[in-house]
Amino acid sequence: MQVASQTSKTNTSTVISTFAPTMTHINLRIPFLQRYSRLWMSSLLVLTDLVSLFVAGILAALIGAALGGGLKDQNYYLRMVPIVVFFIIVYAGRGLYPSVGVSPVEELKRLTVSTSFVFLVITAMTFWIRNAESYSRLMIAFSWLFALIFIQVNRWILRYIAIRFDLWGEPVAFVGYGPQGRQMADFLLRNLKFGLRPVVILDGFYENKGIVSPLPKIKLGNSPREIMTFKEAGIRTVILVTSEMPDGLQAEILHEERFGFERVILISDLQWIGSVGVIPYDLQGYLGLEVQRNLVRNWEQGLKRLLDLFLVIIGGLLVLPLFGLIAAMVWLESKGQVFYTQNRIGKNGRIIKVWKFRTMVPNADQVLDDYLTSNPDLLDEWQSTHKIKDDPRVTKLGSFLRRYSLDELPQLWNVIKGEMSIVGPRPIVDEEIRHYGHCFHMYKTVLPGITGLWQISGRNDVSYALRVRLDEYYVRNWSIWLDIYILIRTVWVVLNKEGAY
């Protein structure tokens, strides 16, 4: 499939021969660390990965010794220490330094595959040099497991700390500040974990005088006076919103050196396309994008089903005691049914009964009617989201269960029956179909899930329109790595009670 970016019709009637930034009114001051952000971020990531690998190895050795594997010959392990350099080389080759613009899902995939590859090489080397008996297989296995966990988690912690101290993000110039450009700039400023920090708007539209921007704006005219080399200011990357800029300006930035940019990032107006399910093609100068639809393929659905069953079996055994305890507490708090079922829309529009622990009083419907009658200002909130903060129907135990999503545990039965998946769009009721519009047909192509992108993106604090977009993104960009990322993030979100009520 060949995709051509839509270009704006504004200013295309006039040929704009030269665009030059004039710095008469704006003096960009980029902090020293941000000027060399790629080197700074890469150094921090390398240091974090080295520490993670060493900690993983030491912890694995201690556990291996405690379990009887032992340290057969410490000298051999000391000789393996330089191998950590091999990890760094492999990570660098996979574009993990400084990992700017790499999505968390793609980073998880690259780290997992790269780390597993290096440990596979290490294991193979122990046989090749014919001294395999000198190494503890148990230690290597634990080192691999701990490395997978520590490297990923410590990278998240590093970014969190660096962002808090305003030390993360490469300064970038932004060209194109229409509706899509403003949305994109705001997204990057709120998600500095991607490593791109908009610091200035290059405005090539004369009509945009009334648009207020939180960033300084540089007027682009056709005067060569006071041309600024952005590289000298520490800005080496530019983001072009191709649908919101004149053709002449785009050509100058792409083909001329007057602006001094080393890296150019093009933002397409195809907003629903992500990187996870897209394969680029170079068709002799034409950019082609193959948009994969993984979840409509039978073998991909089979893989997802196997993952669901594996997680249900392993997780079910672990939560069985908790399951029984919650059931007893629900029954003791307010006499009535322990479980609650509700009709929801499943795959292919089929109605399914979704199971939950009961979190409301037995006469919940009457309580809700009385409450909305007394508080008519909450009626709109209820009709749009079917949720109310401080819901009077919810019991004290029910509030606790909802806060930590423990009321969803019985839906494991829905997963076993093949009606739901562990990860997917949340099952909706008939009244919610109107929110999905043309996206409803896509929602029906997959199994609804217990957790999903909505849950890890703020849950009830997220607007319904954004929830629909997240569901659409998930269906279009599904991969096994996206599911794994959502599962990991779900643990963090649940423990922090983000958007739960």
# chains A, B, ... in the order shown; residues from 1 in each chain; ligands from 1
call {"tool": "residues_around", "arguments": {"residues": "stretch 445-454 of chain A", "least_positions_apart": "3", "cutoff": "8 Å", "atoms": "only C-alpha atoms", "output": "mmCIF file with N, CA and C atoms, in the first residue's frame"}}
result
data_model
loop_
_atom_site.group_PDB
_atom_site.id
_atom_site.type_symbol
_atom_site.label_atom_id
_atom_site.label_comp_id
_atom_site.auth_asym_id
_atom_site.auth_seq_id
_atom_site.Cartn_x
_atom_site.Cartn_y
_atom_site.Cartn_z
ATOM 1 N N LEU A 295 -4.915 -9.140 14.270
ATOM 2 C CA LEU A 295 -5.964 -9.824 15.018
ATOM 3 C C LEU A 295 -7.063 -10.407 14.133
ATOM 4 N N VAL A 296 -7.021 -10.163 12.831
ATOM 5 C CA VAL A 296 -7.999 -10.803 11.959
ATOM 6 C C VAL A 296 -7.424 -12.067 11.322
ATOM 7 N N GLY A 346 -20.019 -8.845 22.945
ATOM 8 C CA GLY A 346 -18.758 -9.519 22.711
ATOM 9 C C GLY A 346 -18.374 -9.526 21.248
ATOM 10 N N LYS A 347 -17.527 -10.466 20.890
ATOM 11 C CA LYS A 347 -17.055 -10.582 19.519
ATOM 12 C C LYS A 347 -18.219 -10.885 18.581
ATOM 13 N N ASN A 348 -18.168 -10.275 17.403
ATOM 14 C CA ASN A 348 -19.205 -10.432 16.380
ATOM 15 C C ASN A 348 -20.580 -9.943 16.848
ATOM 16 N N GLU A 408 -12.953 -7.801 39.096
ATOM 17 C CA GLU A 408 -12.908 -8.362 37.750
ATOM 18 C C GLU A 408 -12.425 -9.817 37.730
ATOM 19 N N GLN A 411 -14.025 -12.792 35.860
ATOM 20 C CA GLN A 411 -14.031 -12.787 34.398
ATOM 21 C C GLN A 411 -13.014 -13.769 33.825
ATOM 22 N N GLU A 419 -15.110 -16.359 25.710
ATOM 23 C CA GLU A 419 -15.935 -15.181 25.477
ATOM 24 C C GLU A 419 -15.154 -13.882 25.623
ATOM 25 N N MET A 420 -14.044 -13.931 26.369
ATOM 26 C CA MET A 420 -13.213 -12.766 26.596
ATOM 27 C C MET A 420 -11.748 -13.161 26.492
ATOM 28 N N SER A 421 -10.897 -12.148 26.449
ATOM 29 C CA SER A 421 -9.454 -12.339 26.460
ATOM 30 C C SER A 421 -8.885 -11.628 27.683
ATOM 31 N N ILE A 422 -7.674 -11.953 28.061
ATOM 32 C CA ILE A 422 -7.041 -11.233 29.177
ATOM 33 C C ILE A 422 -6.865 -9.762 28.801
ATOM 34 N N VAL A 423 -6.418 -9.503 27.565
ATOM 35 C CA VAL A 423 -6.184 -8.131 27.097
ATOM 36 C C VAL A 423 -7.069 -7.858 25.893
ATOM 37 N N GLY A 424 -7.712 -6.713 25.890
ATOM 38 C CA GLY A 424 -8.572 -6.332 24.773
ATOM 39 C C GLY A 424 -9.424 -5.132 25.154
ATOM 40 N N PRO A 425 -10.251 -4.652 24.247
ATOM 41 C CA PRO A 425 -11.171 -3.554 24.593
ATOM 42 C C PRO A 425 -12.144 -3.996 25.677
ATOM 43 N N ARG A 426 -12.499 -3.117 26.574
ATOM 44 C CA ARG A 426 -13.472 -3.473 27.604
ATOM 45 C C ARG A 426 -14.833 -3.743 26.978
ATOM 46 N N PRO A 427 -15.545 -4.787 27.444
ATOM 47 C CA PRO A 427 -16.875 -5.083 26.898
ATOM 48 C C PRO A 427 -17.842 -3.952 27.209
ATOM 49 N N HIS A 441 -17.707 -1.473 14.225
ATOM 50 C CA HIS A 441 -17.485 -2.712 13.465
ATOM 51 C C HIS A 441 -16.111 -3.292 13.760
ATOM 52 N N MET A 442 -15.127 -2.401 14.053
ATOM 53 C CA MET A 442 -13.785 -2.884 14.390
ATOM 54 C C MET A 442 -13.763 -3.470 15.799
ATOM 55 N N SER A 457 -4.254 3.751 30.705
ATOM 56 C CA SER A 457 -4.132 5.143 30.259
ATOM 57 C C SER A 457 -4.961 6.097 31.100
ATOM 58 N N GLY A 458 -5.395 5.653 32.278
ATOM 59 C CA GLY A 458 -6.141 6.547 33.152
ATOM 60 C C GLY A 458 -7.522 6.053 33.525
ATOM 61 N N ARG A 459 -7.984 4.978 32.894
ATOM 62 C CA ARG A 459 -9.298 4.399 33.189
ATOM 63 C C ARG A 459 -10.391 5.462 33.203
ATOM 64 N N VAL A 462 -10.172 9.086 31.757
ATOM 65 C CA VAL A 462 -10.009 9.264 30.316
ATOM 66 C C VAL A 462 -11.371 9.508 29.682
ATOM 67 N N ARG A 467 -11.040 6.870 24.811
ATOM 68 C CA ARG A 467 -11.175 5.428 25.023
ATOM 69 C C ARG A 467 -11.437 4.718 23.701
ATOM 70 N N LEU A 470 -8.264 4.589 21.701
ATOM 71 C CA LEU A 470 -7.348 3.585 22.232
ATOM 72 C C LEU A 470 -7.760 2.185 21.802
ATOM 73 N N ASP A 471 -9.067 1.923 21.825
ATOM 74 C CA ASP A 471 -9.551 0.613 21.372
ATOM 75 C C ASP A 471 -9.236 0.409 19.890
ATOM 76 N N TYR A 474 -5.566 -0.326 19.482
ATOM 77 C CA TYR A 474 -5.230 -1.684 19.919
ATOM 78 C C TYR A 474 -5.559 -2.699 18.835
ATOM 79 N N VAL A 475 -6.743 -2.588 18.247
ATOM 80 C CA VAL A 475 -7.163 -3.555 17.235
ATOM 81 C C VAL A 475 -6.256 -3.470 16.012
ATOM 82 N N ILE A 486 0.940 -4.196 28.060
ATOM 83 C CA ILE A 486 -0.289 -3.817 28.764
ATOM 84 C C ILE A 486 -0.404 -4.577 30.077
ATOM 85 N N LEU A 487 -0.051 -5.858 30.079
ATOM 86 C CA LEU A 487 -0.112 -6.652 31.317
ATOM 87 C C LEU A 487 0.841 -6.103 32.376
ATOM 88 N N THR A 490 -0.489 -2.838 33.626
ATOM 89 C CA THR A 490 -1.701 -3.015 34.429
ATOM 90 C C THR A 490 -1.359 -3.187 35.901
#
call {"tool": "select_by_dssp", "arguments": {"residues": "stretch 355-409 of chain A", "states": "alpha helix (DSSP H)", "output": "CSV table (one decimal) with C-alpha atoms, in the first residue's frame"}}
result
chain,number,residue,atom,x,y,z
A,364,ALA,CA,-28.9,-0.9,43.6
A,365,ASP,CA,-31.3,0.2,40.9
A,366,GLN,CA,-33.7,1.9,43.3
A,367,VAL,CA,-30.8,3.6,45.1
A,368,LEU,CA,-29.5,4.9,41.8
A,369,ASP,CA,-32.9,6.3,40.8
A,370,ASP,CA,-33.3,8.1,44.1
A,371,TYR,CA,-29.8,9.5,44.0
A,372,LEU,CA,-30.1,10.9,40.4
A,373,THR,CA,-33.5,12.4,41.3
A,374,SER,CA,-31.9,14.2,44.2
A,379,LEU,CA,-27.5,12.8,35.2
A,380,ASP,CA,-25.4,13.9,32.2
A,381,GLU,CA,-22.3,12.2,33.7
A,382,TRP,CA,-24.2,9.0,34.2
A,383,GLN,CA,-25.8,9.0,30.7
A,384,SER,CA,-22.4,9.6,29.0
A,385,THR,CA,-20.1,7.3,31.0
A,396,LYS,CA,-17.3,-0.3,51.4
A,397,LEU,CA,-15.8,-3.6,50.4
A,398,GLY,CA,-17.0,-3.0,46.8
A,399,SER,CA,-15.1,0.3,46.7
A,400,PHE,CA,-11.9,-1.5,47.8
A,401,LEU,CA,-12.4,-4.2,45.2
A,402,ARG,CA,-13.0,-1.7,42.4
A,403,ARG,CA,-10.0,0.4,43.4
call {"tool": "closest_residue", "arguments": {"among": "A:Leu303, A:Leu266, A:Val429, A:Leu47", "to": "A:Asp483", "atoms": "only C-alpha atoms"}}
result
A:Leu303
call {"tool": "atom_distance", "arguments": {"atom1": "atom CA of A:Arg182", "atom2": "atom CA of A:Ser213"}}
result
8.3 Å
call {"tool": "residues_around", "arguments": {"residues": "stretch 137-151 of chain A", "least_positions_apart": "3", "cutoff": "6 Å", "atoms": "only C-alpha atoms", "output": "PyMOL selection string"}}
result
chain A and resi 49+52-53+56-57+60-61+64+154
call {"tool": "residues_around", "arguments": {"residues": "A:Leu320", "least_positions_apart": "5", "cutoff": "10 Å", "atoms": "only C-alpha atoms", "output": "MDAnalysis selection string"}}
result
chainID A and resid 315 325 409
call {"tool": "write_last_selection", "arguments": {"atoms": "N, CA, C and O atoms", "output": "CSV table (one decimal), in the first residue's frame"}}
result
chain,number,residue,atom,x,y,z
A,315,GLY,N,-2.2,-18.0,36.6
A,315,GLY,CA,-2.8,-17.0,37.5
A,315,GLY,C,-3.9,-17.5,38.3
A,315,GLY,O,-4.1,-17.1,39.5
A,325,LEU,N,-11.5,-16.0,49.5
A,325,LEU,CA,-11.6,-15.0,50.6
A,325,LEU,C,-12.5,-13.9,50.2
A,325,LEU,O,-13.4,-13.4,51.0
A,409,LEU,N,-12.0,-10.3,38.8
A,409,LEU,CA,-11.4,-11.7,38.9
A,409,LEU,C,-12.3,-12.8,38.3
A,409,LEU,O,-11.8,-13.7,37.6
call {"tool": "residues_around", "arguments": {"residues": "A:Arg38", "least_positions_apart": "6", "cutoff": "10 Å", "atoms": "only C-alpha atoms", "output": "NGL selection string"}}
result
:A and (44 or 97-100 or 168-171 or 195)
call {"tool": "write_last_selection", "arguments": {"atoms": "N, CA, C and O atoms", "output": "short mmCIF file (atom, residue, chain, number, x, y, z; two decimals), in the first residue's frame"}}
result
data_model
loop_
_atom_site.label_atom_id
_atom_site.label_comp_id
_atom_site.auth_asym_id
_atom_site.auth_seq_id
_atom_site.Cartn_x
_atom_site.Cartn_y
_atom_site.Cartn_z
N LEU A 44 23.22 7.76 30.38
CA LEU A 44 22.41 7.32 31.52
C LEU A 44 21.84 5.92 31.27
O LEU A 44 21.81 5.08 32.17
N TYR A 97 19.96 3.10 22.24
CA TYR A 97 20.65 4.26 22.80
C TYR A 97 20.59 5.37 21.75
O TYR A 97 21.13 5.20 20.66
N PRO A 98 19.95 6.49 22.04
CA PRO A 98 19.23 6.84 23.27
C PRO A 98 17.76 6.43 23.26
O PRO A 98 17.01 6.87 24.11
N SER A 99 17.34 5.64 22.30
CA SER A 99 15.96 5.14 22.24
C SER A 99 14.94 6.27 22.08
O SER A 99 13.82 6.19 22.58
N VAL A 100 15.34 7.33 21.38
CA VAL A 100 14.45 8.48 21.16
C VAL A 100 13.38 8.11 20.15
O VAL A 100 13.68 7.57 19.08
N TRP A 168 15.16 15.09 30.77
CA TRP A 168 14.97 14.10 29.71
C TRP A 168 14.28 14.75 28.52
O TRP A 168 13.37 15.55 28.68
N GLY A 169 14.72 14.41 27.35
CA GLY A 169 14.07 14.89 26.15
C GLY A 169 14.99 15.70 25.27
O GLY A 169 15.64 16.65 25.72
N GLU A 170 15.07 15.33 24.01
CA GLU A 170 15.86 16.06 23.03
C GLU A 170 15.07 17.26 22.53
O GLU A 170 13.91 17.13 22.15
N PRO A 171 15.66 18.46 22.52
CA PRO A 171 14.93 19.64 22.03
C PRO A 171 14.67 19.53 20.53
O PRO A 171 15.59 19.22 19.76
N GLY A 195 11.28 10.93 24.58
CA GLY A 195 12.57 11.58 24.36
C GLY A 195 12.55 12.73 23.39
O GLY A 195 13.61 13.18 22.94
#
call {"tool": "closest_residue", "arguments": {"among": "A:Gly302, A:Pro410, A:Gly285, A:Gly336", "to": "A:Lys353", "atoms": "only C-alpha atoms"}}
result
A:Pro410
call {"tool": "atom_distance", "arguments": {"atom1": "atom CA of A:Leu189", "atom2": "atom CA of A:Val264"}}
result
18.3 Å
call {"tool": "residues_around", "arguments": {"residues": "A:Ile416", "least_positions_apart": "5", "cutoff": "12 Å", "atoms": "only C-alpha atoms", "output": "list in words"}}
result
Arg305, Leu306, Leu307, Asp308, Leu309, Phe310, Leu311, Val312, Ile313, Gly316, Pro410, Gln411, Ser421 and Ile422 of chain A
call {"tool": "select_by_dssp", "arguments": {"residues": "stretch 125-357 of chain A", "states": "strand (DSSP E or B)", "output": "PyMOL selection string"}}
result
chain A and resi 170-175+196-203+217-221+237-241+263-267+278-283+286-291+339-345+351-357
call {"tool": "write_last_selection", "arguments": {"atoms": "C-alpha atoms", "output": "compact mmCIF listing (two decimals), in the first residue's frame"}}
result
# COMPACT_ATOMS: atom_id res chain seq x y z
CA GLU A 170 15.86 16.06 23.03
CA PRO A 171 14.93 19.64 22.03
CA VAL A 172 13.08 19.65 18.72
CA ALA A 173 11.62 22.33 16.47
CA PHE A 174 7.99 21.90 15.40
CA VAL A 175 6.74 22.91 11.96
CA LEU A 196 11.26 14.37 22.11
CA ARG A 197 10.79 17.81 23.70
CA PRO A 198 9.22 20.53 21.49
CA VAL A 199 10.90 23.84 22.33
CA VAL A 200 9.95 26.13 19.43
CA ILE A 201 7.29 26.43 16.74
CA LEU A 202 8.42 27.39 13.23
CA ASP A 203 5.32 29.06 11.81
CA LYS A 217 6.99 30.89 17.78
CA ILE A 218 9.42 31.95 15.08
CA LYS A 219 7.92 33.69 12.09
CA LEU A 220 9.16 32.25 8.81
CA GLY A 221 9.29 34.81 6.05
CA THR A 237 15.87 17.60 15.07
CA VAL A 238 12.74 18.97 13.42
CA ILE A 239 9.22 17.49 13.37
CA LEU A 240 7.22 18.25 10.25
CA VAL A 241 3.42 17.97 10.33
CA ARG A 263 17.21 14.67 11.69
CA VAL A 264 13.78 15.21 10.15
CA ILE A 265 10.67 13.43 11.50
CA LEU A 266 7.57 13.45 9.28
CA ILE A 267 4.15 13.24 10.95
CA VAL A 278 3.30 -0.97 10.06
CA ILE A 279 6.04 -2.17 7.70
CA PRO A 280 7.71 0.54 5.55
CA TYR A 281 8.57 -0.05 1.88
CA ASP A 282 11.00 1.95 -0.22
CA LEU A 283 9.45 1.92 -3.69
CA TYR A 286 7.92 6.49 -2.88
CA LEU A 287 7.11 5.62 0.71
CA GLY A 288 4.83 2.62 1.07
CA LEU A 289 3.32 1.53 4.35
CA GLU A 290 1.91 -1.95 4.83
CA VAL A 291 -0.71 -1.77 7.57
CA PHE A 339 -21.45 -12.73 41.93
CA TYR A 340 -23.01 -10.23 39.57
CA THR A 341 -23.55 -10.72 35.85
CA GLN A 342 -24.32 -8.17 33.19
CA ASN A 343 -25.07 -8.54 29.48
CA ARG A 344 -22.32 -7.07 27.35
CA ILE A 345 -21.45 -7.03 23.66
CA ILE A 351 -24.29 -10.93 23.81
CA ILE A 352 -22.22 -12.42 26.65
CA LYS A 353 -22.73 -12.50 30.41
CA VAL A 354 -19.74 -10.84 32.08
CA TRP A 355 -19.03 -12.04 35.62
CA LYS A 356 -17.92 -9.86 38.54
CA PHE A 357 -17.88 -9.94 42.30
call {"tool": "atom_distance", "arguments": {"atom1": "atom CA of A:Glu472", "atom2": "atom CA of A:Lys387"}}
result
21.8 Å
call {"tool": "closest_residue", "arguments": {"among": "A:Phe165, A:Arg94, A:Ile428, A:Arg236", "to": "A:Arg350", "atoms": "only C-alpha atoms"}}
result
A:Ile428
